[in-house]
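Novice: Have a look at this one before I ask anything.
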Protein chains: 2
Amino acid sequence: MTAKNAFYAQSGGVTAVINASACGVIETARQHPDKIANVYAGRNGIIGALTEDLIDTSQESDEAIAALRYTPSGAFGSCRYKLKSLEANKREYERLIEVFKAHDIGYFFYNGGGDSADTCYKVSQLSETMGYPVQAVHVPKTVDNDLPITDNCPGFGSVAKYIATSALEASYDVRSMAKTSTKLFVLEVMGRHAGWIAAAGGLIEDQGIPVVVLFPEIEFDQDKFMAKVKSLVDQHDYCTVVVSEGAKHPDGRFLAEQGTRDAFGHAQLGGAAPVVANMVKEALGYKFHWAVADYLQRAARHLASKTDVEQAYAMGKAGVEFALAGHNAIMPAVKRVSNDPYQWEVGEAPLSEVANVEKFMPREFISDDGFGITAACKEYLLPLIQGEDYPPFQNGLPKYVTLKNAPVDKKLGVFEL
Amino acid sequence: MTAKNAFYAQSGGVTAVINASACGVIETARQHPDKIANVYAGRNGIIGALTEDLIDTSQESDEAIAALRYTPSGAFGSCRYKLKSLEANKREYERLIEVFKAHDIGYFFYNGGGDSADTCYKVSQLSETMGYPVQAVHVPKTVDNDLPITDNCPGFGSVAKYIATSALEASYDVRSMAKTSTKLFVLEVMGRHAGWIAAAGGLIEDQGIPVVVLFPEIEFDQDKFMAKVKSLVDQHDYCTVVVSEGAKHPDGRFLAEQGTRDAFGHAQLGGAAPVVANMVKEALGYKFHWAVADYLQRAARHLASKTDVEQAYAMGKAGVEFALAGHNAIMPAVKRVSNDPYQWEVGEAPLSEVANVEKFMPREFISDDGFGITAACKEYLLPLIQGEDYPPFQNGLPKYVTLKNAPVDKKLGVFEL
């Protein structure tokens with residue numbers, strides 16, 4: 001068997017640990033030079049493959065690749081670009097094959113969420129549909145934790161740890177101030193469709209914090225919410241609300257849509273947090289503070305979960321090993337073996353069952369009143385935030401790596417996206 | 001000399017390290033039982049003194065007090081309550097003396113910012129003005145870093161480290177996404193009057209990040225700002241903006257005031273970050289993300305600066321030592337001895353020169369164009385964010401302490417605030 005090159009690309013929103021998966025892919029590939037000659041990374045994801053904008057990772061030292069393990073974001077650039085079906089856009093698939101052929105690419109590693117699982121699945125079928133043999137493996141990544149089959153997604157454990165820690169710390173702050181000042185703190189978190197990240201905020205209940213969680217899966221009931229907040233503030237003098245950006249009114253409008261317009265008639269863009277805070281202020285008069293964590297939550301490598309980092313690396317490593325063992329159209333997955341002690345192993349999921357399936361919070365993970373999480377949910381979440389894995393610091397700041405990202409010489413003509 | 005009791009209270013907005021100062025006060029007092037019999041903490045700050053709601057810290061174990069060093073927020077509760085002048089409210093000062101007498105309090109330690117320095121100064125004069133001898137020492141605390149004389153304020157170094165780290169991490173994220181998605185990231189930070197916290201965001205420039213800082217000290221010039229953002233995005237494909245909540249239009253309006261009203265005619269409450277982000281989107285069309293860190297930044301003990309924690313503790317310790325040495329109406333201060341290597345020692349500032357004086361960013365710390373920080377500013381800031389001082393973690397979350405806060409028996413009648 002002659003060594004082939006591998007293509008690796010990052011897709012969609014990046015995370016604190018997607019580079020740990022890249023590290024797992026490249027370090028493992030480097031251990032098999034007889035089978036994988038070089039790993040070419042797509043500059044800005046799949047766009048790099050289409051435009052033949054490839055990065056020569058062999059130009060990076062072992063130290064630089066090792067540093068990916070503790071560097072957040074996508075070191076090669078990511079993109080939001082979903083390939084259409086083969087029928088709808090044959091031109092793009094033909095181009096991919098042209099690029100793969102020109103650069104002798106036999107392995108395709110695609111690191112992303114639901115959309116990229118779909119793209120990866122289509123690439124895995126190129127052998128059958130277009131006669132070009134390529135082994136396509138999807139490496140799971142998403143802070144939203146919404147991929148099926150795998151017990152959890154790399155990226156989620158770290159954002160969960162960040163949100164639970166931040167909500168805990170801010171709640172201590174509000175508790176200090178509640179007597180004469182702030183009584184309500186609202187933290188907005190990511191997760192437009194699935195409430196996994198919001199659920200992590202519910203973990204602080206066991207630290208004695210009065211917390212209300214607003215999930216996208218549960219229709220917002222304003223009266224019930226006000227009664228809940230009032231009862232908590234009556235009892236504790238303060239209350240923390242963790243609201244998902246995807247929380248919705250019964251008519252389907254996001255809470256974040258305020259329906260107000262500026263002087264030019266533009267819809268006023270806010271966030272769910274200020275809306276919820278102002279709503280409570282109007283109904284109950286509490287002084288409030290609110291925060292929108294946005295990118296901070298998914299980039300916070302400084303507070304990554306050690307479990308998450310290890311799983312992200314393991315998924316990258318397993319992806320290469322599965323490919324070398326001849327597997328195609330699959331995704332390495334986390335398989336939970338036991339809760340206490342937490343044990344997991346690497347499983348395997350067929351891409352045909354992963355692509356385009358979204359995993360929501362099961363109703364039994366949400367408390368009866370819809371404002372918190374159940375014991376079963378805590379049992380699921382807690383192992384995922386275990387352990388700290390601090391990056392090195394230099395001169396007061398984390399010392400993250402920026403790669404050289406040297407281009408591979410082009411061999412083909414220009415391709416218009 | 002018979003041992004007297006000490007009163008300790010936390011005032012104003014709390015920080016990640018104000019409890020480290022409390023730890024310094026109480027641990028040092030415990031080493032001098034011959035002079036300080038017990039430390040009574042005010043429940044919710046000075047309100048606890050006025051209402052005779054005192055906390056008996058002797059009920060807390062040495063371990064619990066030691067844990068204050070790594071627990072954010074105000075362990076005894078804080079408040080926003082400024083004593084009026086002696087002439088305007090003699091009743092409150094008479095009450096303080098009544099409480100001090102009833103509980104044999106000879107030392108007054110007040111842990112706060114500018115307003116509380118003023119209150120502490122007034123208390124220090126009670127001996128003269130009302131014939132009750134009490135030694136009053138102000139222990140500096142404020143994330144805003146706006147106290148005079150002291151080189152910096154405990155609380156600031158940690159928020160600066162948090163903001164610089166968070167801005168760096170989010171910038172890596174945006175850089176990954178810029179090709180097809182987000183090109184602009186706006187982070188709103190605290191500091192309504194002084195731009196010290198915003199300045200910390202400027203530190204990431206030396207990590208290769210194109211960053212624009214908007215200070216409260218510099219009038220916002222929208223055209224100049226747009227030109228700056230455009231030139232950075234043209235060059236780097238993305239840009240990060242760190243905006244102070246106190247940034248203002250030339251007419252004095254905060255950027256955060258959008259001038260929009262909801263269906264009920266209420267002024268729309270937003271933040272400076274969404275305003276700036278939308279402004280850029282309208283002018284230049286860039287896709288954006290924004291975050292408002294709010295309490296997360298000042299509560300983030302998980303990312304505290306080691307230098308800051310050490311200084312916070314040292315200020316509390318020195319406060320007690322100064323009082324035992326007979327000093328009154330003073331504040332321990334950080335005195336910078338050298339920049340490289342960074343060395344500091346404990347100094348002393350007279351409260352008459354601290355009370356009601358605000359320290360702003362010197363113009364020479366802000367770059368000529370008003371959008372960044374100078375080398376002199378970096379030289380000032382960098383030592384303050386040095387070192388990490390992680391709290392212990394348990395089951396995935398920081399293990400912070402919640403004290404028993406047992407009340408001291410009341411001896412007096414009720415006092416209406």
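Labels for the structure tokens follow display order: chains A, B, ..., residues from 1 in each chain, ligands from 1.
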Mind checking DSSP for stretch 154-304 of chain A and telling me the strand (DSSP E or B) residues as a VMD selection string?
Specialist: chain A and resid 184 to 189 211 to 214 239 to 244 248 254 257 to 261 267 to 269 288 to 292
Novice: Which polymer residues have any atom within 9 Å of an atom of A:Gly74, counting only C-alpha atoms, with same-chain residues fewer than 6 positions away left out, as a list of chain:residue names?
Specialist: A:Gln10, A:Ser11, A:Gly13, A:Val14, A:Thr15, A:Ala16, A:Val17, A:Ile18, A:Asn19, A:Ala22, A:Asn44, B:Tyr172, B:Asp173, B:Arg175, B:Ser176, B:Met177
Novice: Next, dump the selected residues to file, keeping only N, CA, C and O atoms, as a PDB file, in the first residue's frame.
Specialist:
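Contents of out-v9.pdb, as written:
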```
ATOM      1  N   GLN A  10     -11.764  22.016   9.371  1.00  0.00           N
ATOM      2  CA  GLN A  10     -12.625  22.396  10.482  1.00  0.00           C
ATOM      3  C   GLN A  10     -13.863  23.075   9.908  1.00  0.00           C
ATOM      4  O   GLN A  10     -13.766  23.843   8.958  1.00  0.00           O
ATOM      5  N   SER A  11     -14.995  22.796  10.510  1.00  0.00           N
ATOM      6  CA  SER A  11     -16.241  23.290   9.920  1.00  0.00           C
ATOM      7  C   SER A  11     -17.173  23.899  10.963  1.00  0.00           C
ATOM      8  O   SER A  11     -17.255  23.425  12.091  1.00  0.00           O
ATOM      9  N   GLY A  13     -19.063  26.643  13.603  1.00  0.00           N
ATOM     10  CA  GLY A  13     -18.586  27.388  14.762  1.00  0.00           C
ATOM     11  C   GLY A  13     -17.483  26.628  15.473  1.00  0.00           C
ATOM     12  O   GLY A  13     -17.590  25.421  15.663  1.00  0.00           O
ATOM     13  N   VAL A  14     -16.418  27.326  15.828  1.00  0.00           N
ATOM     14  CA  VAL A  14     -15.289  26.641  16.457  1.00  0.00           C
ATOM     15  C   VAL A  14     -15.523  26.521  17.968  1.00  0.00           C
ATOM     16  O   VAL A  14     -16.490  27.065  18.505  1.00  0.00           O
ATOM     17  N   THR A  15     -14.647  25.803  18.621  1.00  0.00           N
ATOM     18  CA  THR A  15     -14.809  25.548  20.060  1.00  0.00           C
ATOM     19  C   THR A  15     -13.458  25.692  20.766  1.00  0.00           C
ATOM     20  O   THR A  15     -12.427  25.914  20.120  1.00  0.00           O
ATOM     21  N   ALA A  16     -13.494  25.517  22.074  1.00  0.00           N
ATOM     22  CA  ALA A  16     -12.258  25.596  22.860  1.00  0.00           C
ATOM     23  C   ALA A  16     -11.355  24.400  22.605  1.00  0.00           C
ATOM     24  O   ALA A  16     -10.165  24.450  22.904  1.00  0.00           O
ATOM     25  N   VAL A  17     -11.925  23.319  22.050  1.00  0.00           N
ATOM     26  CA  VAL A  17     -11.128  22.090  21.936  1.00  0.00           C
ATOM     27  C   VAL A  17     -11.107  21.483  20.536  1.00  0.00           C
ATOM     28  O   VAL A  17     -10.572  20.390  20.357  1.00  0.00           O
ATOM     29  N   ILE A  18     -11.613  22.177  19.530  1.00  0.00           N
ATOM     30  CA  ILE A  18     -11.580  21.589  18.179  1.00  0.00           C
ATOM     31  C   ILE A  18     -10.127  21.408  17.719  1.00  0.00           C
ATOM     32  O   ILE A  18      -9.799  20.433  17.036  1.00  0.00           O
ATOM     33  N   ASN A  19      -9.243  22.289  18.152  1.00  0.00           N
ATOM     34  CA  ASN A  19      -7.832  22.119  17.807  1.00  0.00           C
ATOM     35  C   ASN A  19      -7.206  20.916  18.513  1.00  0.00           C
ATOM     36  O   ASN A  19      -6.196  20.382  18.051  1.00  0.00           O
ATOM     37  N   ALA A  22      -7.769  18.345  16.082  1.00  0.00           N
ATOM     38  CA  ALA A  22      -6.782  18.502  15.000  1.00  0.00           C
ATOM     39  C   ALA A  22      -5.450  17.916  15.437  1.00  0.00           C
ATOM     40  O   ALA A  22      -4.764  17.228  14.671  1.00  0.00           O
ATOM     41  N   ASN A  44      -9.683  27.670   5.946  1.00  0.00           N
ATOM     42  CA  ASN A  44     -11.091  28.023   6.103  1.00  0.00           C
ATOM     43  C   ASN A  44     -12.023  26.892   5.679  1.00  0.00           C
ATOM     44  O   ASN A  44     -12.964  27.071   4.924  1.00  0.00           O
TER      45      ASN A  44
ATOM     46  N   TYR B 172      -9.299  34.924  18.677  1.00  0.00           N
ATOM     47  CA  TYR B 172      -8.894  33.719  17.956  1.00  0.00           C
ATOM     48  C   TYR B 172     -10.117  33.086  17.274  1.00  0.00           C
ATOM     49  O   TYR B 172     -10.046  32.603  16.150  1.00  0.00           O
ATOM     50  N   ASP B 173     -11.218  33.088  17.992  1.00  0.00           N
ATOM     51  CA  ASP B 173     -12.456  32.510  17.466  1.00  0.00           C
ATOM     52  C   ASP B 173     -12.900  33.271  16.209  1.00  0.00           C
ATOM     53  O   ASP B 173     -13.130  32.676  15.143  1.00  0.00           O
ATOM     54  N   ARG B 175     -11.187  35.187  14.282  1.00  0.00           N
ATOM     55  CA  ARG B 175     -10.198  34.996  13.214  1.00  0.00           C
ATOM     56  C   ARG B 175     -10.488  33.709  12.449  1.00  0.00           C
ATOM     57  O   ARG B 175     -10.342  33.647  11.222  1.00  0.00           O
ATOM     58  N   SER B 176     -10.914  32.669  13.171  1.00  0.00           N
ATOM     59  CA  SER B 176     -11.241  31.386  12.528  1.00  0.00           C
ATOM     60  C   SER B 176     -12.452  31.499  11.608  1.00  0.00           C
ATOM     61  O   SER B 176     -12.583  30.763  10.646  1.00  0.00           O
ATOM     62  N   MET B 177     -13.373  32.366  11.993  1.00  0.00           N
ATOM     63  CA  MET B 177     -14.671  32.418  11.318  1.00  0.00           C
ATOM     64  C   MET B 177     -14.740  33.483  10.223  1.00  0.00           C
ATOM     65  O   MET B 177     -15.709  33.537   9.464  1.00  0.00           O
TER      66      MET B 177
END
```
Novice: Determine, using only C-alpha atoms, which residues of chain A have any atom at most 7 Å from an atom of chain B, and tabulate each with its shortest atom pair and distance in Å to one decimal place, rows ordered by chain and then rising number, as a Markdown table.
Specialist:
```
| residue | atom | partner | partner_atom | distance |
| --- | --- | --- | --- | --- |
| A:Val14 | CA | B:Asp173 | CA | 6.6 |
| A:Asn44 | CA | B:Lys179 | CA | 6.6 |
| A:Pro72 | CA | B:Glu169 | CA | 6.8 |
| A:Ser73 | CA | B:Asp173 | CA | 4.7 |
| A:Gly74 | CA | B:Ser176 | CA | 5.2 |
| A:Ala75 | CA | B:Ser176 | CA | 6.9 |
| A:Gly77 | CA | B:Ser176 | CA | 4.2 |
| A:Ser78 | CA | B:Ser176 | CA | 5.4 |
| A:Cys79 | CA | B:Thr180 | CA | 5.6 |
| A:Arg80 | CA | B:Thr180 | CA | 6.3 |
| A:Lys161 | CA | B:Gly396 | CA | 7.0 |
| A:Thr165 | CA | B:Leu397 | CA | 6.0 |
| A:Ser166 | CA | B:Leu296 | CA | 6.0 |
| A:Glu169 | CA | B:Ala299 | CA | 5.3 |
| A:Ala170 | CA | B:Leu296 | CA | 5.6 |
| A:Tyr172 | CA | B:Ser73 | CA | 5.7 |
| A:Asp173 | CA | B:Ser73 | CA | 4.7 |
| A:Ser176 | CA | B:Gly77 | CA | 4.1 |
| A:Met177 | CA | B:Ser78 | CA | 5.5 |
| A:Lys179 | CA | B:Asn44 | CA | 6.6 |
| A:Thr180 | CA | B:Cys79 | CA | 5.6 |
| A:Ser181 | CA | B:Arg80 | CA | 6.9 |
| A:Thr260 | CA | B:Asp262 | CA | 5.3 |
| A:Arg261 | CA | B:Thr260 | CA | 6.8 |
| A:Asp262 | CA | B:Thr260 | CA | 5.3 |
| A:Gly270 | CA | B:Gly270 | CA | 6.6 |
| A:Pro274 | CA | B:Gly270 | CA | 6.7 |
| A:Trp290 | CA | B:Asp294 | CA | 6.6 |
| A:Ala291 | CA | B:Val292 | CA | 5.1 |
| A:Val292 | CA | B:Val292 | CA | 5.0 |
| A:Ala293 | CA | B:Ala291 | CA | 5.3 |
| A:Asp294 | CA | B:Ala291 | CA | 5.3 |
| A:Tyr295 | CA | B:Ala170 | CA | 5.6 |
| A:Leu296 | CA | B:Ala170 | CA | 5.6 |
| A:Ala299 | CA | B:Glu169 | CA | 5.3 |
| A:Ala300 | CA | B:Glu169 | CA | 6.3 |
| A:Leu382 | CA | B:Gly396 | CA | 7.0 |
| A:Ile385 | CA | B:Gly396 | CA | 5.1 |
| A:Gln386 | CA | B:Gly396 | CA | 4.2 |
| A:Gly387 | CA | B:Gly396 | CA | 5.9 |
| A:Asn395 | CA | B:Gln386 | CA | 6.0 |
| A:Gly396 | CA | B:Gln386 | CA | 4.2 |
| A:Leu397 | CA | B:Thr165 | CA | 6.0 |
| A:Pro398 | CA | B:Thr165 | CA | 6.9 |
```
Novice: Could you check the closest approach to A:Gln31 for each of A:Ile55, A:Ala272, A:Met226, A:Val320 and tell me which residue wins, using only C-alpha atoms?
Specialist: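 Ranked by minimum distance to A:Gln31, first place goes to A:Val320.
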Novice: Find, counting only C-alpha atoms, the residue in B:His249, B:Lys35, B:Arg30, B:Lys84 that gets nearest to B:Asp62.
Specialist: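 Result for the nearest residue to B:Asp62: B:Arg30.
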Novice: From a DSSP calculation on the backbone, collect every residue of stretch 63-209 of chain B in alpha helix (DSSP H) and output the set as a ChimeraX atom specification.
Specialist: /B:63-67,90-102,114-124,126-130,156-177,196-201
Novice: Could you check the closest approach to B:Lys317 for each of B:Ser21, B:Thr51, B:Asn152, B:Thr2 and tell me which residue wins, using only C-alpha atoms?
Specialist: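 So, comparing all the options, the nearest one is B:Ser21.
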Novice: For B:Tyr238, work out the shell of residues within 6 Å, counting only C-alpha atoms and skipping chain neighbours fewer than 3 positions away, then give it as a PyMOL selection string.
Specialist: chain B and resi 178+183-184+233
Novice: Could you write those residues out with C-alpha atoms, as a PDB file, in the first residue's frame?
Specialist:
```pdb
ATOM      1  CA  ALA B 178     -13.853  35.595   9.402  1.00  0.00           C
ATOM      2  CA  LYS B 183     -15.674  39.714  11.035  1.00  0.00           C
ATOM      3  CA  LEU B 184     -16.315  41.884  14.058  1.00  0.00           C
ATOM      4  CA  VAL B 233     -10.635  44.471   8.670  1.00  0.00           C
TER       5      VAL B 233
END
```
Novice: From the list A:Ile46, A:Glu87, A:Asp234, A:Leu255, which residue is nearest A:Asp221 when using only C-alpha atoms?
Specialist: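 Distance minimum relative to A:Asp221 lands on A:Leu255.
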Novice: Determine, counting only C-alpha atoms, which protein, DNA and RNA residues have an atom within 7 Å of an atom of stretch 130-141 of chain B; residues of the same chain fewer than 6 positions away are not included. Present the result as a list in words.
Specialist: Ile18, Ile97, Gly106, Tyr107, Phe108, Phe109, Tyr110, Asn111, Gly112, Gly113, Ala117, Cys120, Val123, Ser124, Cys153, Pro154, Gly155, Met315, Gly316, Gly319, Ala323, His327, Asn328, Ala329, Ile330, Met331 and Pro332 of chain B
Novice: From the options A:Ala102, A:Val334, A:Met190, A:Ala199, which residue's atoms come nearest to A:Pro362, counting only C-alpha atoms?
Specialist: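 Of all the options, A:Ala199 lies closest to A:Pro362.
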Novice: Tell me, as a PyMOL selection string, which residues lie within 7 Å of B:Met361, counting only C-alpha atoms; anything in the same chain fewer than 6 positions away does not count.
Specialist: chain B and resi 194-196
Novice: Any idea what's packed within 10 Å of B:Glu219, counting only C-alpha atoms, ignoring anything in its chain fewer than 2 positions away? Could you give it as a count of residues only?
Specialist: 13
